[in-house]
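What follows is the content of final37.cif, which has mmCIF, C-alpha atoms (C1' of nucleotides):
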```cif
data_data
#
loop_
_atom_site.label_atom_id
_atom_site.label_comp_id
_atom_site.auth_asym_id
_atom_site.auth_seq_id
_atom_site.Cartn_x
_atom_site.Cartn_y
_atom_site.Cartn_z
CA MET R 1 5.11 -15.75 12.33
CA ASP R 2 8.89 -16.21 12.35
CA ALA R 3 8.64 -17.29 8.75
CA ALA R 4 6.50 -14.25 7.96
CA ARG R 5 9.01 -11.88 9.53
CA ARG R 6 11.88 -13.59 7.70
CA LEU R 7 10.10 -13.30 4.37
CA LEU R 8 9.14 -9.70 5.02
CA GLU R 9 12.74 -8.68 5.64
CA ALA R 10 14.13 -10.69 2.77
CA GLU R 11 11.61 -10.13 0.00
CA GLY R 12 9.49 -7.16 0.94
CA PRO R 13 5.79 -6.90 1.63
CA SER R 14 4.61 -7.84 -1.86
CA ALA R 15 6.17 -11.31 -1.46
CA LEU R 16 4.36 -11.95 1.79
CA SER R 17 1.76 -14.43 0.60
CA LEU R 18 0.19 -16.97 2.89
CA ARG R 19 1.49 -19.74 0.68
CA ALA R 20 5.00 -18.34 0.72
CA VAL R 21 4.90 -18.13 4.50
CA ALA R 22 3.76 -21.75 4.64
CA ARG R 23 6.56 -22.79 2.28
CA GLU R 24 9.11 -20.87 4.34
CA ALA R 25 7.80 -22.59 7.47
CA GLY R 26 7.92 -25.97 5.72
CA VAL R 27 4.22 -26.77 5.97
CA SER R 28 1.34 -27.12 3.55
CA PRO R 29 -0.51 -24.06 2.21
CA ALA R 30 -3.54 -24.84 4.35
CA ALA R 31 -1.67 -25.19 7.65
CA PRO R 32 -1.68 -21.47 8.61
CA TYR R 33 -5.49 -21.51 8.59
CA HIS R 34 -5.41 -23.52 11.78
CA HIS R 35 -3.67 -20.63 13.52
CA PHE R 36 -5.11 -17.58 11.79
CA LYS R 37 -8.60 -16.93 10.47
CA ASP R 38 -7.24 -15.52 7.24
CA LYS R 39 -4.27 -13.68 5.80
CA ALA R 40 -5.28 -10.38 7.34
CA GLU R 41 -5.18 -11.91 10.80
CA LEU R 42 -1.63 -13.10 10.25
CA LEU R 43 -0.61 -9.64 9.07
CA ASP R 44 -2.33 -8.15 12.10
CA ALA R 45 -0.22 -10.34 14.34
CA VAL R 46 2.95 -9.30 12.55
CA ALA R 47 1.90 -5.67 12.77
CA GLN R 48 1.24 -5.95 16.47
CA GLU R 49 4.73 -7.33 17.00
CA GLY R 50 5.99 -4.35 15.03
CA TRP R 51 4.25 -1.83 17.27
CA ASP R 52 5.65 -3.68 20.24
CA ILE R 53 9.22 -3.43 18.99
CA LEU R 54 8.77 0.20 17.96
CA GLY R 55 7.45 0.99 21.44
CA GLN R 56 10.51 -0.53 23.05
CA LEU R 57 12.87 1.36 20.77
CA MET R 58 11.11 4.61 21.54
CA GLN R 59 11.27 3.89 25.26
CA GLU R 60 15.01 3.33 25.03
CA ALA R 61 15.47 6.47 22.95
CA LYS R 62 13.59 8.52 25.48
CA ALA R 63 15.68 7.13 28.32
CA GLY R 64 18.82 8.14 26.44
CA ALA R 65 17.90 11.83 26.23
CA THR R 66 16.98 14.62 28.63
CA GLY R 67 14.47 17.44 28.76
CA MET R 68 12.68 18.47 25.63
CA HIS R 69 15.25 16.58 23.59
CA GLN R 70 13.39 13.46 24.62
CA LEU R 71 10.70 14.44 22.15
CA THR R 72 13.15 14.65 19.30
CA ALA R 73 14.70 11.38 20.41
CA LEU R 74 11.29 9.76 20.12
CA GLY R 75 10.80 11.18 16.65
CA ILE R 76 14.22 10.08 15.46
CA ALA R 77 13.71 6.60 16.88
CA TYR R 78 10.37 6.43 15.10
CA VAL R 79 11.78 7.46 11.75
CA CYS R 80 14.84 5.24 12.08
CA PHE R 81 12.62 2.27 12.82
CA ALA R 82 10.68 2.94 9.63
CA ARG R 83 13.92 3.29 7.67
CA ASP R 84 15.35 0.05 9.06
CA ASN R 85 12.12 -1.93 8.71
CA PRO R 86 10.30 -0.39 5.77
CA ALA R 87 8.34 -3.51 4.93
CA LEU R 88 7.25 -4.07 8.50
CA TYR R 89 6.34 -0.42 8.88
CA ARG R 90 4.07 -0.64 5.89
CA VAL R 91 2.39 -3.75 7.17
CA MET R 92 1.81 -1.92 10.44
CA TYR R 93 0.00 0.95 8.74
CA ASP R 94 -1.82 -1.21 6.24
CA ALA R 95 -3.21 -3.12 9.18
CA ALA R 96 -4.33 0.11 10.85
CA ARG R 97 -5.95 1.57 7.74
CA ASP R 98 -9.36 0.61 6.40
CA LYS R 99 -10.46 -0.83 9.70
CA ASP R 100 -13.17 0.35 12.02
CA ALA R 101 -11.31 -0.89 15.07
CA LEU R 102 -7.87 -2.34 15.58
CA PRO R 103 -7.42 -5.75 17.22
CA GLU R 104 -7.07 -5.28 20.96
CA GLY R 105 -3.38 -5.98 21.38
CA MET R 106 -2.37 -3.88 18.40
CA GLN R 107 -4.43 -0.93 19.62
CA GLN R 108 -2.70 -1.21 22.99
CA ASN R 109 0.78 -1.25 21.52
CA LYS R 110 -0.04 1.61 19.19
CA ASP R 111 -1.58 3.65 21.99
CA SER R 112 1.40 3.08 24.20
CA ALA R 113 3.67 4.60 21.56
CA TYR R 114 1.31 7.53 21.13
CA CYS R 115 1.04 8.07 24.88
CA MET R 116 4.79 8.23 25.16
CA VAL R 117 4.73 11.33 22.97
CA ARG R 118 1.90 12.81 24.98
CA ASP R 119 3.50 12.05 28.34
CA THR R 120 6.81 13.49 27.27
CA MET R 121 5.10 16.72 26.32
CA ILE R 122 3.44 16.90 29.72
CA GLU R 123 6.66 16.18 31.55
CA HIS R 124 8.32 19.09 29.85
CA GLY R 125 5.93 21.95 30.12
CA ALA R 126 2.75 21.18 28.22
CA ASP R 127 -0.35 21.97 30.23
CA PRO R 128 -2.18 18.68 30.92
CA THR R 129 -5.44 20.50 31.63
CA GLN R 130 -5.62 21.84 28.08
CA GLU R 131 -6.62 18.47 26.78
CA THR R 132 -7.49 19.48 23.22
CA HIS R 133 -4.34 21.49 22.70
CA LEU R 134 -2.22 18.70 24.11
CA GLU R 135 -3.79 16.10 21.88
CA LEU R 136 -3.43 18.34 18.85
CA ALA R 137 0.25 18.78 19.56
CA SER R 138 0.71 15.04 19.94
CA VAL R 139 -1.23 14.30 16.78
CA ALA R 140 0.73 16.91 14.86
CA ALA R 141 4.00 15.40 16.05
CA TRP R 142 2.78 11.93 15.09
CA CYS R 143 1.69 13.07 11.65
CA GLY R 144 4.99 14.80 11.04
CA ALA R 145 7.01 11.79 12.08
CA HIS R 146 4.84 9.47 10.03
CA GLY R 147 5.12 11.65 6.97
CA LEU R 148 8.87 11.77 7.26
CA ALA R 149 8.99 8.04 7.93
CA GLU R 150 7.14 7.32 4.71
CA MET R 151 9.29 9.62 2.65
CA ALA R 152 12.59 8.82 4.33
CA GLY R 153 13.58 6.47 1.57
CA PHE R 154 12.76 8.73 -1.38
CA LYS R 155 15.72 9.18 -3.67
CA GLN R 156 14.64 12.78 -4.24
CA PHE R 157 16.08 13.72 -0.85
CA ASP R 158 19.53 12.22 -1.28
CA HIS R 159 21.20 15.54 -2.09
CA LEU R 160 19.66 17.09 1.00
CA LYS R 161 21.00 14.27 3.12
CA ASP R 162 24.43 14.82 1.64
CA ALA R 163 24.27 18.58 2.14
CA LEU R 164 23.43 18.06 5.80
CA GLY R 165 26.03 15.39 6.41
CA GLY R 166 23.97 12.25 6.65
CA GLU R 167 20.54 10.78 6.95
CA ARG R 168 20.41 11.21 10.69
CA ALA R 169 21.05 14.94 10.37
CA PHE R 170 18.38 15.15 7.69
CA PHE R 171 15.80 13.52 9.94
CA ASP R 172 16.76 15.84 12.75
CA ALA R 173 16.54 18.92 10.55
CA VAL R 174 13.14 18.04 9.12
CA LEU R 175 11.70 17.19 12.52
CA SER R 176 13.05 20.36 14.07
CA HIS R 177 11.44 22.34 11.28
CA MET R 178 8.12 21.17 12.61
CA GLY R 179 7.60 23.34 15.64
CA LEU R 180 7.22 20.46 18.04
CA PHE R 181 10.63 18.86 17.93
CA PRO R 182 13.61 20.82 19.27
CA LYS R 183 16.92 20.22 17.55
CA ALA R 184 18.57 17.08 18.91
CA GLU R 185 21.80 16.85 20.80
CA PRO R 186 24.60 16.02 18.40
CA HIS R 187 25.50 12.59 19.82
CA CYS R 188 24.21 9.11 18.89
CA MET D 1 -8.17 4.36 -17.61
CA ASP D 2 -11.72 5.65 -17.18
CA ALA D 3 -12.69 2.17 -16.08
CA ALA D 4 -9.77 2.09 -13.66
CA ARG D 5 -10.75 5.38 -12.09
CA ARG D 6 -14.36 4.27 -11.83
CA LEU D 7 -13.37 1.03 -10.12
CA LEU D 8 -10.98 2.81 -7.80
CA GLU D 9 -13.65 5.16 -6.56
CA ALA D 10 -16.30 2.49 -6.28
CA GLU D 11 -14.42 -0.46 -4.82
CA GLY D 12 -11.16 0.80 -3.39
CA PRO D 13 -7.59 0.05 -4.40
CA SER D 14 -7.63 -3.64 -3.46
CA ALA D 15 -10.29 -4.28 -6.11
CA LEU D 16 -8.24 -2.66 -8.84
CA SER D 17 -7.13 -5.76 -10.72
CA LEU D 18 -6.25 -5.67 -14.37
CA ARG D 19 -8.94 -8.21 -15.08
CA ALA D 20 -11.55 -6.17 -13.22
CA VAL D 21 -10.57 -3.08 -15.17
CA ALA D 22 -10.91 -5.04 -18.38
CA ARG D 23 -14.34 -6.32 -17.31
CA GLU D 24 -15.45 -2.81 -16.39
CA ALA D 25 -14.27 -1.58 -19.78
CA GLY D 26 -16.06 -4.46 -21.49
CA VAL D 27 -13.00 -6.07 -23.07
CA SER D 28 -11.09 -9.30 -22.62
CA PRO D 29 -8.54 -9.71 -19.81
CA ALA D 30 -5.65 -9.54 -22.25
CA ALA D 31 -6.72 -6.34 -23.98
CA PRO D 32 -5.07 -3.88 -21.55
CA TYR D 33 -1.68 -5.40 -22.35
CA HIS D 34 -1.80 -3.76 -25.76
CA HIS D 35 -1.88 -0.35 -24.07
CA PHE D 36 0.22 -0.87 -20.94
CA LYS D 37 3.31 -3.00 -20.41
CA ASP D 38 1.93 -4.40 -17.18
CA LYS D 39 -0.34 -3.56 -14.30
CA ALA D 40 2.18 -1.21 -12.72
CA GLU D 41 2.24 0.90 -15.86
CA LEU D 42 -1.53 1.29 -15.76
CA LEU D 43 -1.34 2.31 -12.11
CA ASP D 44 1.41 4.77 -12.97
CA ALA D 45 -0.84 6.39 -15.53
CA VAL D 46 -3.67 6.64 -13.02
CA ALA D 47 -1.29 8.07 -10.44
CA GLN D 48 0.00 10.67 -12.86
CA GLU D 49 -3.55 11.82 -13.51
CA GLY D 50 -3.97 12.06 -9.76
CA TRP D 51 -0.94 14.33 -9.35
CA ASP D 52 -2.27 16.42 -12.17
CA ILE D 53 -5.64 16.91 -10.51
CA LEU D 54 -4.05 17.55 -7.12
CA GLY D 55 -1.81 20.18 -8.69
CA GLN D 56 -4.80 22.00 -10.15
CA LEU D 57 -6.68 21.92 -6.85
CA MET D 58 -3.66 23.33 -5.05
CA GLN D 59 -3.30 26.05 -7.64
CA GLU D 60 -6.92 27.08 -7.15
CA ALA D 61 -6.55 26.97 -3.38
CA LYS D 62 -3.51 29.21 -3.53
CA ALA D 63 -5.32 31.67 -5.76
CA GLY D 64 -8.14 31.84 -3.24
CA ALA D 65 -5.94 32.95 -0.35
CA THR D 66 -3.52 35.77 0.37
CA GLY D 67 -0.14 36.19 2.02
CA MET D 68 1.19 33.44 4.20
CA HIS D 69 -2.26 31.94 4.36
CA GLN D 70 -1.62 30.64 0.88
CA LEU D 71 0.66 28.07 2.45
CA THR D 72 -2.07 26.81 4.72
CA ALA D 73 -4.50 26.83 1.82
CA LEU D 74 -2.12 24.55 -0.06
CA GLY D 75 -1.88 22.21 2.91
CA ILE D 76 -5.63 22.10 3.41
CA ALA D 77 -6.22 21.47 -0.28
CA TYR D 78 -3.68 18.66 -0.17
CA VAL D 79 -5.26 16.97 2.82
CA CYS D 80 -8.79 17.43 1.53
CA PHE D 81 -7.81 15.85 -1.76
CA ALA D 82 -6.49 12.82 0.12
CA ARG D 83 -9.67 12.65 2.20
CA ASP D 84 -11.92 12.87 -0.86
CA ASN D 85 -9.86 10.45 -2.97
CA PRO D 86 -8.26 8.08 -0.50
CA ALA D 87 -7.90 5.23 -2.96
CA LEU D 88 -6.37 7.42 -5.64
CA TYR D 89 -4.06 9.03 -3.11
CA ARG D 90 -2.75 5.64 -2.11
CA VAL D 91 -2.18 4.62 -5.69
CA MET D 92 -0.23 7.84 -6.16
CA TYR D 93 2.12 7.07 -3.29
CA ASP D 94 2.39 3.39 -4.02
CA ALA D 95 3.52 4.34 -7.50
CA ALA D 96 6.14 6.70 -6.07
CA ARG D 97 7.49 4.24 -3.53
CA ASP D 98 9.88 1.41 -4.31
CA LYS D 99 11.02 2.97 -7.52
CA ASP D 100 14.41 4.33 -8.44
CA ALA D 101 12.91 6.94 -10.72
CA LEU D 102 9.37 8.02 -11.44
CA PRO D 103 8.01 7.98 -14.99
CA GLU D 104 8.67 11.33 -16.61
CA GLY D 105 5.19 12.78 -16.62
CA MET D 106 4.44 11.73 -13.07
CA GLN D 107 7.68 13.24 -11.81
CA GLN D 108 6.77 16.49 -13.52
CA ASN D 109 3.32 16.64 -12.00
CA LYS D 110 4.67 15.74 -8.58
CA ASP D 111 7.44 18.32 -8.82
CA SER D 112 5.02 21.00 -9.86
CA ALA D 113 2.99 20.43 -6.69
CA TYR D 114 6.16 20.49 -4.59
CA CYS D 115 7.42 23.64 -6.28
CA MET D 116 4.18 25.39 -5.49
CA VAL D 117 4.97 25.01 -1.80
CA ARG D 118 8.50 26.19 -2.34
CA ASP D 119 7.53 29.17 -4.44
CA THR D 120 4.87 30.23 -1.98
CA MET D 121 7.46 30.25 0.77
CA ILE D 122 9.75 32.44 -1.31
CA GLU D 123 6.97 34.83 -2.24
CA HIS D 124 6.24 35.42 1.41
CA GLY D 125 9.54 36.01 3.06
CA ALA D 126 11.69 32.88 2.81
CA ASP D 127 15.22 33.66 1.67
CA PRO D 128 15.73 32.03 -1.73
CA THR D 129 19.52 32.14 -1.38
CA GLN D 130 19.42 29.80 1.61
CA GLU D 131 18.74 26.85 -0.61
CA THR D 132 19.15 24.12 1.97
CA HIS D 133 16.99 25.81 4.56
CA LEU D 134 14.31 26.52 2.00
CA GLU D 135 14.21 22.95 0.80
CA LEU D 136 14.11 21.68 4.34
CA ALA D 137 11.14 23.87 5.11
CA SER D 138 9.36 22.67 1.99
CA VAL D 139 10.13 19.04 2.73
CA ALA D 140 8.98 19.44 6.32
CA ALA D 141 5.72 20.99 5.14
CA TRP D 142 5.26 18.20 2.62
CA CYS D 143 5.92 15.51 5.22
CA GLY D 144 3.51 17.08 7.66
CA ALA D 145 0.76 17.35 5.09
CA HIS D 146 1.35 13.81 3.89
CA GLY D 147 1.31 12.44 7.42
CA LEU D 148 -1.96 14.18 8.16
CA ALA D 149 -3.37 13.09 4.82
CA GLU D 150 -2.68 9.46 5.62
CA MET D 151 -4.15 9.66 9.09
CA ALA D 152 -7.05 11.97 8.22
CA GLY D 153 -9.44 9.05 8.08
CA PHE D 154 -8.48 7.39 11.36
CA LYS D 155 -11.46 6.90 13.62
CA GLN D 156 -9.22 7.66 16.58
CA PHE D 157 -9.39 11.36 15.79
CA ASP D 158 -13.15 11.67 15.57
CA HIS D 159 -13.52 13.15 19.03
CA LEU D 160 -10.89 15.75 18.23
CA LYS D 161 -12.72 16.72 15.08
CA ASP D 162 -15.89 17.09 17.09
CA ALA D 163 -14.16 19.14 19.78
CA LEU D 164 -12.84 21.52 17.15
CA GLY D 165 -16.09 21.83 15.27
CA GLY D 166 -15.40 19.81 12.15
CA GLU D 167 -12.84 18.05 10.03
CA ARG D 168 -11.75 21.18 8.28
CA ALA D 169 -10.93 22.86 11.60
CA PHE D 170 -9.05 19.76 12.69
CA PHE D 171 -6.88 19.83 9.57
CA ASP D 172 -6.24 23.51 10.07
CA ALA D 173 -5.32 23.04 13.72
CA VAL D 174 -2.93 20.17 13.08
CA LEU D 175 -1.24 21.96 10.20
CA SER D 176 -0.87 25.16 12.17
CA HIS D 177 0.72 23.17 14.97
CA MET D 178 3.54 22.42 12.59
CA GLY D 179 5.49 25.61 12.56
CA LEU D 180 5.24 26.11 8.83
CA PHE D 181 1.53 26.63 8.35
CA PRO D 182 -0.08 29.74 9.81
CA LYS D 183 -3.64 29.37 11.00
CA ALA D 184 -6.04 29.72 8.09
CA GLU D 185 -8.65 32.37 7.60
CA PRO D 186 -12.01 31.19 8.88
CA HIS D 187 -13.84 31.15 5.55
CA CYS D 188 -14.19 28.35 2.97
"C1'" DT N 1 -8.33 -1.88 -56.03
"C1'" DT N 2 -5.50 -4.85 -54.00
"C1'" DT N 3 -2.03 -5.45 -50.52
"C1'" DC N 4 0.11 -5.15 -46.43
"C1'" DA N 5 1.46 -3.16 -42.00
"C1'" DT N 6 -0.42 -1.68 -37.85
"C1'" DA N 7 -3.57 -1.28 -34.04
"C1'" DT N 8 -6.71 -3.57 -31.44
"C1'" DC N 9 -8.83 -7.34 -29.78
"C1'" DT N 10 -9.96 -12.56 -28.32
"C1'" DA N 11 -9.10 -17.39 -26.77
"C1'" DA N 12 -6.62 -20.35 -24.22
"C1'" DG N 13 -3.38 -21.49 -20.94
"C1'" DC N 14 0.51 -21.12 -17.18
"C1'" DG N 15 1.58 -20.78 -12.43
"C1'" DC N 16 0.51 -18.29 -8.28
"C1'" DC N 17 -2.76 -16.63 -5.01
"C1'" DG N 18 -6.47 -16.86 -0.95
"C1'" DT N 19 -9.57 -19.97 0.78
"C1'" DA N 20 -12.67 -24.14 1.81
"C1'" DT N 21 -13.45 -28.98 2.75
"C1'" DA N 22 -12.49 -33.48 4.14
"C1'" DG N 23 -9.70 -36.45 6.20
"C1'" DA N 24 -5.22 -38.01 8.37
"C1'" DT N 25 -1.93 -38.09 12.33
"C1'" DG N 26 -0.15 -37.73 16.87
"C1'" DC N 27 -0.85 -36.55 21.80
"C1'" DC N 28 -3.04 -36.25 26.23
"C1'" DA N 29 -6.51 -36.87 29.71
"C1'" DT N 30 -9.80 -39.89 31.04
"C1'" DA F 1 -7.93 -48.41 25.52
"C1'" DT F 2 -10.55 -44.47 24.10
"C1'" DG F 3 -12.07 -40.31 22.71
"C1'" DG F 4 -11.20 -35.42 22.05
"C1'" DC F 5 -8.12 -31.99 20.41
"C1'" DA F 6 -4.45 -29.72 18.01
"C1'" DT F 7 -2.12 -29.90 14.02
"C1'" DC F 8 -1.31 -31.05 9.61
"C1'" DT F 9 -2.06 -32.82 4.43
"C1'" DA F 10 -4.44 -33.45 -0.01
"C1'" DT F 11 -7.27 -31.61 -3.14
"C1'" DA F 12 -10.06 -28.38 -5.27
"C1'" DC F 13 -12.24 -23.74 -6.74
"C1'" DG F 14 -12.14 -19.36 -8.71
"C1'" DG F 15 -9.47 -15.13 -9.32
"C1'" DC F 16 -5.16 -13.08 -10.35
"C1'" DG F 17 -0.96 -11.27 -13.57
"C1'" DC F 18 0.89 -12.42 -17.67
"C1'" DT F 19 2.15 -14.89 -22.17
"C1'" DT F 20 1.38 -16.72 -26.64
"C1'" DA F 21 -0.96 -17.34 -30.86
"C1'" DG F 22 -4.17 -15.96 -33.80
"C1'" DA F 23 -8.28 -13.07 -35.35
"C1'" DT F 24 -10.27 -8.65 -37.14
"C1'" DA F 25 -10.49 -4.05 -38.68
"C1'" DT F 26 -8.33 0.23 -40.52
"C1'" DG F 27 -5.77 3.06 -43.35
"C1'" DA F 28 -1.77 3.99 -46.31
"C1'" DA F 29 0.97 2.32 -50.26
"C1'" DA F 30 1.26 -0.19 -54.51
#
```

I'd like the structure from this file rewritten - as structure tokens, please.
Amino acid sequence: MDAARRLLEAEGPSALSLRAVAREAGVSPAAPYHHFKDKAELLDAVAQEGWDILGQLMQEAKAGATGMHQLTALGIAYVCFARDNPALYRVMYDAARDKDALPEGMQQNKDSAYCMVRDTMIEHGADPTQETHLELASVAAWCGAHGLAEMAGFKQFDHLKDALGGERAFFDAVLSHMGLFPKAEPHC
Amino acid sequence: MDAARRLLEAEGPSALSLRAVAREAGVSPAAPYHHFKDKAELLDAVAQEGWDILGQLMQEAKAGATGMHQLTALGIAYVCFARDNPALYRVMYDAARDKDALPEGMQQNKDSAYCMVRDTMIEHGADPTQETHLELASVAAWCGAHGLAEMAGFKQFDHLKDALGGERAFFDAVLSHMGLFPKAEPHC
DNA sequence: TTTCATATCTAAGCGCCGTATAGATGCCAT
DNA sequence: ATGGCATCTATACGGCGCTTAGATATGAAA
């Protein structure tokens, strides 16, 4: 898995073949099959690690903000993670797509990130008895952040980033345009 | 390209190999190379067709709504397209990602869809002189719709769809939670 | 009508991929 | 000392993207 993460960072997701991972780890092409059922299971494990790391980053971001700004901090942390680890982020979503159910650990890590959004909304005014409305708001926030995360790297937006004074400001502006994220404090 | 589209619908994007396309078309594995430089170029062509179709659907959706609801109609049309053509939608974004510049025709088709959002905002009150704000709003709407489009198929949301009385209502609710899309009219 | 360029295709092969099988090696508890 | 277990290798199969070399048809020019 170390080899897989190394390869992913260095060469991107298209270079992440089982054989390449084995080469990087210095073992034969068949060796990984004694640890993972198939390639998908290896990718699942990498993805789960990714959700774990993302969860920690979001936790830290939340701790570094106050009030409703915590929500924006979560969103920014989410998008920055995707920008800094584009290949890993894609593996994480590829693993989640086209699957009836996620592997246990991955579902847990993913849920914990989602629940952080939900909990933050409750802590700052959302009515926890209006379950449907609360979930909708969380899902909308998640969708918005995910959409921005996927597009964050598009060259098309470079002039907007410049006009706003940086990528960070761009993320903040887009998120705050979606009703759910208040404009962030200027620091960090 | 007909063979490619057929395969894409029938077997999903992972089955879309050049050789499979050639088989489906009834020619040798090398034949496609006389029409496309490589596999990516074939996928680009398929993606461009996809943007074209999506643009038409959005145009029709806009024509079928009035006032600010046109914006929601665009969003719903976008998300429904992704739900009905998940494999094609992925090819479209995979072709757009990891590329410095899109092929000419694809960029045009993609821009025309984007401009429809922008224009609709201007037609219904957005100030066209505030260029940056206008673009931000359009980008935010695009991100939100894309995020929802990618997650539309997640099993996790099934209970929400049920609670709201259908997928369509779910899309509408999520989009309207993002500040930019007013709640749609009940029909269609 | 012959000739020749062009478009389209096939056949064969390269190296890489995911995966399966069979067997080797080392370690640890009995 | 022995047997089970975890880990690994060697080898092979078919599919993949792609390349090269050569075949076939078509249509314009001579």

Box time for segment 132-151 of chain D: axis-aligned, enclosing all its listed atoms, 5 Å extra on each side; report centre and edge lengths in Å to one decimal, as AutoDock Vina command-line options.
```
--center_x 7.5 --center_y 18.0 --center_z 4.9 --size_x 33.3 --size_y 27.1 --size_z 18.3
```

For this session: Starting from chain F, keep only residues with some atom at most 12 Å from an atom of chain D, counting all atoms listed in the file, and report them as a PyMOL selection string.
Result: chain F and resi 15-20

Problem set entry | Residues matched by the PyMOL selection byres ((chain N) within 8 of (chain D)), written as a list of chain:residue names | N:DT8, N:DC9, N:DT10

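Surrounding residues of (13.2, -7.0, 4.1) at most 8 Å away are Arg6, Leu7, Leu8, Glu9, Ala10, Glu11, Gly12, Pro13, Asn85, Pro86, Ala87 and Leu88 of chain R (based on all atoms listed in the file).
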
Residues of chain D within 9 Å of chain R, counting all atoms listed in the file, what are they? List them as a PDB file with C-alpha atoms, in the frame of the given file.
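Written out: iface.pdb:
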```pdb
ATOM      1  CA  ALA D  96       6.140   6.700  -6.070  1.00  0.00           C
ATOM      2  CA  ARG D  97       7.490   4.240  -3.530  1.00  0.00           C
ATOM      3  CA  ASP D  98       9.880   1.410  -4.310  1.00  0.00           C
ATOM      4  CA  LYS D  99      11.020   2.970  -7.520  1.00  0.00           C
ATOM      5  CA  ASP D 100      14.410   4.330  -8.440  1.00  0.00           C
ATOM      6  CA  ALA D 101      12.910   6.940 -10.720  1.00  0.00           C
ATOM      7  CA  THR D 132      19.150  24.120   1.970  1.00  0.00           C
ATOM      8  CA  GLU D 135      14.210  22.950   0.800  1.00  0.00           C
ATOM      9  CA  LEU D 136      14.110  21.680   4.340  1.00  0.00           C
ATOM     10  CA  ALA D 137      11.140  23.870   5.110  1.00  0.00           C
ATOM     11  CA  VAL D 139      10.130  19.040   2.730  1.00  0.00           C
ATOM     12  CA  ALA D 140       8.980  19.440   6.320  1.00  0.00           C
ATOM     13  CA  ALA D 141       5.720  20.990   5.140  1.00  0.00           C
ATOM     14  CA  TRP D 142       5.260  18.200   2.620  1.00  0.00           C
ATOM     15  CA  CYS D 143       5.920  15.510   5.220  1.00  0.00           C
ATOM     16  CA  GLY D 144       3.510  17.080   7.660  1.00  0.00           C
ATOM     17  CA  ALA D 145       0.760  17.350   5.090  1.00  0.00           C
ATOM     18  CA  HIS D 146       1.350  13.810   3.890  1.00  0.00           C
ATOM     19  CA  GLY D 147       1.310  12.440   7.420  1.00  0.00           C
ATOM     20  CA  LEU D 148      -1.960  14.180   8.160  1.00  0.00           C
ATOM     21  CA  ALA D 149      -3.370  13.090   4.820  1.00  0.00           C
ATOM     22  CA  GLU D 150      -2.680   9.460   5.620  1.00  0.00           C
ATOM     23  CA  MET D 151      -4.150   9.660   9.090  1.00  0.00           C
ATOM     24  CA  GLY D 153      -9.440   9.050   8.080  1.00  0.00           C
ATOM     25  CA  PHE D 154      -8.480   7.390  11.360  1.00  0.00           C
ATOM     26  CA  LYS D 155     -11.460   6.900  13.620  1.00  0.00           C
ATOM     27  CA  GLN D 156      -9.220   7.660  16.580  1.00  0.00           C
ATOM     28  CA  PHE D 157      -9.390  11.360  15.790  1.00  0.00           C
ATOM     29  CA  LEU D 160     -10.890  15.750  18.230  1.00  0.00           C
ATOM     30  CA  ALA D 163     -14.160  19.140  19.780  1.00  0.00           C
ATOM     31  CA  LEU D 164     -12.840  21.520  17.150  1.00  0.00           C
ATOM     32  CA  PHE D 170      -9.050  19.760  12.690  1.00  0.00           C
ATOM     33  CA  ALA D 173      -5.320  23.040  13.720  1.00  0.00           C
ATOM     34  CA  VAL D 174      -2.930  20.170  13.080  1.00  0.00           C
ATOM     35  CA  LEU D 175      -1.240  21.960  10.200  1.00  0.00           C
ATOM     36  CA  SER D 176      -0.870  25.160  12.170  1.00  0.00           C
ATOM     37  CA  HIS D 177       0.720  23.170  14.970  1.00  0.00           C
ATOM     38  CA  MET D 178       3.540  22.420  12.590  1.00  0.00           C
ATOM     39  CA  GLY D 179       5.490  25.610  12.560  1.00  0.00           C
ATOM     40  CA  LEU D 180       5.240  26.110   8.830  1.00  0.00           C
TER      41      LEU D 180
END
```

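What separates atom CA of Leu43 of chain R from atom CA of Phe81 of chain R is a distance of 18.2 Å.
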
For this session: Translate the PyMOL selection byres ((chain D and resi 103) around 12), as applied to the file shown, into an explicit residue set as a ChimeraX atom specification.
Result: /D:40-48,95-96,99-102,104-110

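Interatomic distance, atom CA of Ser14 of chain R against atom CA of Ala3 of chain D: 24.5 Å.
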
Problem set entry | Distance query 12 Å from (-12.6, -5.5, -40.3) using only C-alpha atoms (C1' of nucleotides), result as a PyMOL selection string | (chain N and resi 7-9) or (chain F and resi 23-27)

Exercise. Hey, what comes out of the PyMOL selection byres ((chain F and resi 11) around 10) on this file? Could you write it as a count of residues only?
Worked result: 6

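Of the residues under consideration (R:Met116, R:Leu16, R:Ile53, R:Met92), R:Met116 shows the shortest atom-to-atom contact distance to Ala73 of chain R when counting only C-alpha atoms.
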
For this session: Would you mind listing what lies within 12 Å of DT3 of chain N as a PyMOL selection string, with only C-alpha atoms (C1' of nucleotides) counted and same-chain residues fewer than 5 positions away left out?
Result: chain F and resi 27-30

Exercise. Neighbours of His124 of chain D within 10 Å (all atoms listed in the file; same-chain residues fewer than 4 positions away dropped), as a PyMOL selection string?
Worked result: chain D and resi 66-71+119-120

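With atom CA of Val21 of chain R on one side and atom C1' of DC17 of chain N on the other, the separation reads 12.3 Å.
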
Problem set entry | Residue contacts of DA21 of chain F (12 Å, all atoms listed in the file) excluding same-chain residues fewer than 5 positions away, as a VMD selection string | chain N and resid 10 to 13

Show me, as a PDB file with C-alpha atoms, in the coordinates of the input, the residues that have an atom within 9 Å of Leu134 of chain R when counting all atoms listed in the file, minus same-chain residues fewer than 6 positions from it.
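Written output follows (part.pdb):
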```pdb
ATOM      1  CA  ARG R 118       1.900  12.810  24.980  1.00  0.00           C
ATOM      2  CA  MET R 121       5.100  16.720  26.320  1.00  0.00           C
ATOM      3  CA  ILE R 122       3.440  16.900  29.720  1.00  0.00           C
ATOM      4  CA  ALA R 126       2.750  21.180  28.220  1.00  0.00           C
ATOM      5  CA  ASP R 127      -0.350  21.970  30.230  1.00  0.00           C
ATOM      6  CA  PRO R 128      -2.180  18.680  30.920  1.00  0.00           C
TER       7      PRO R 128
END
```
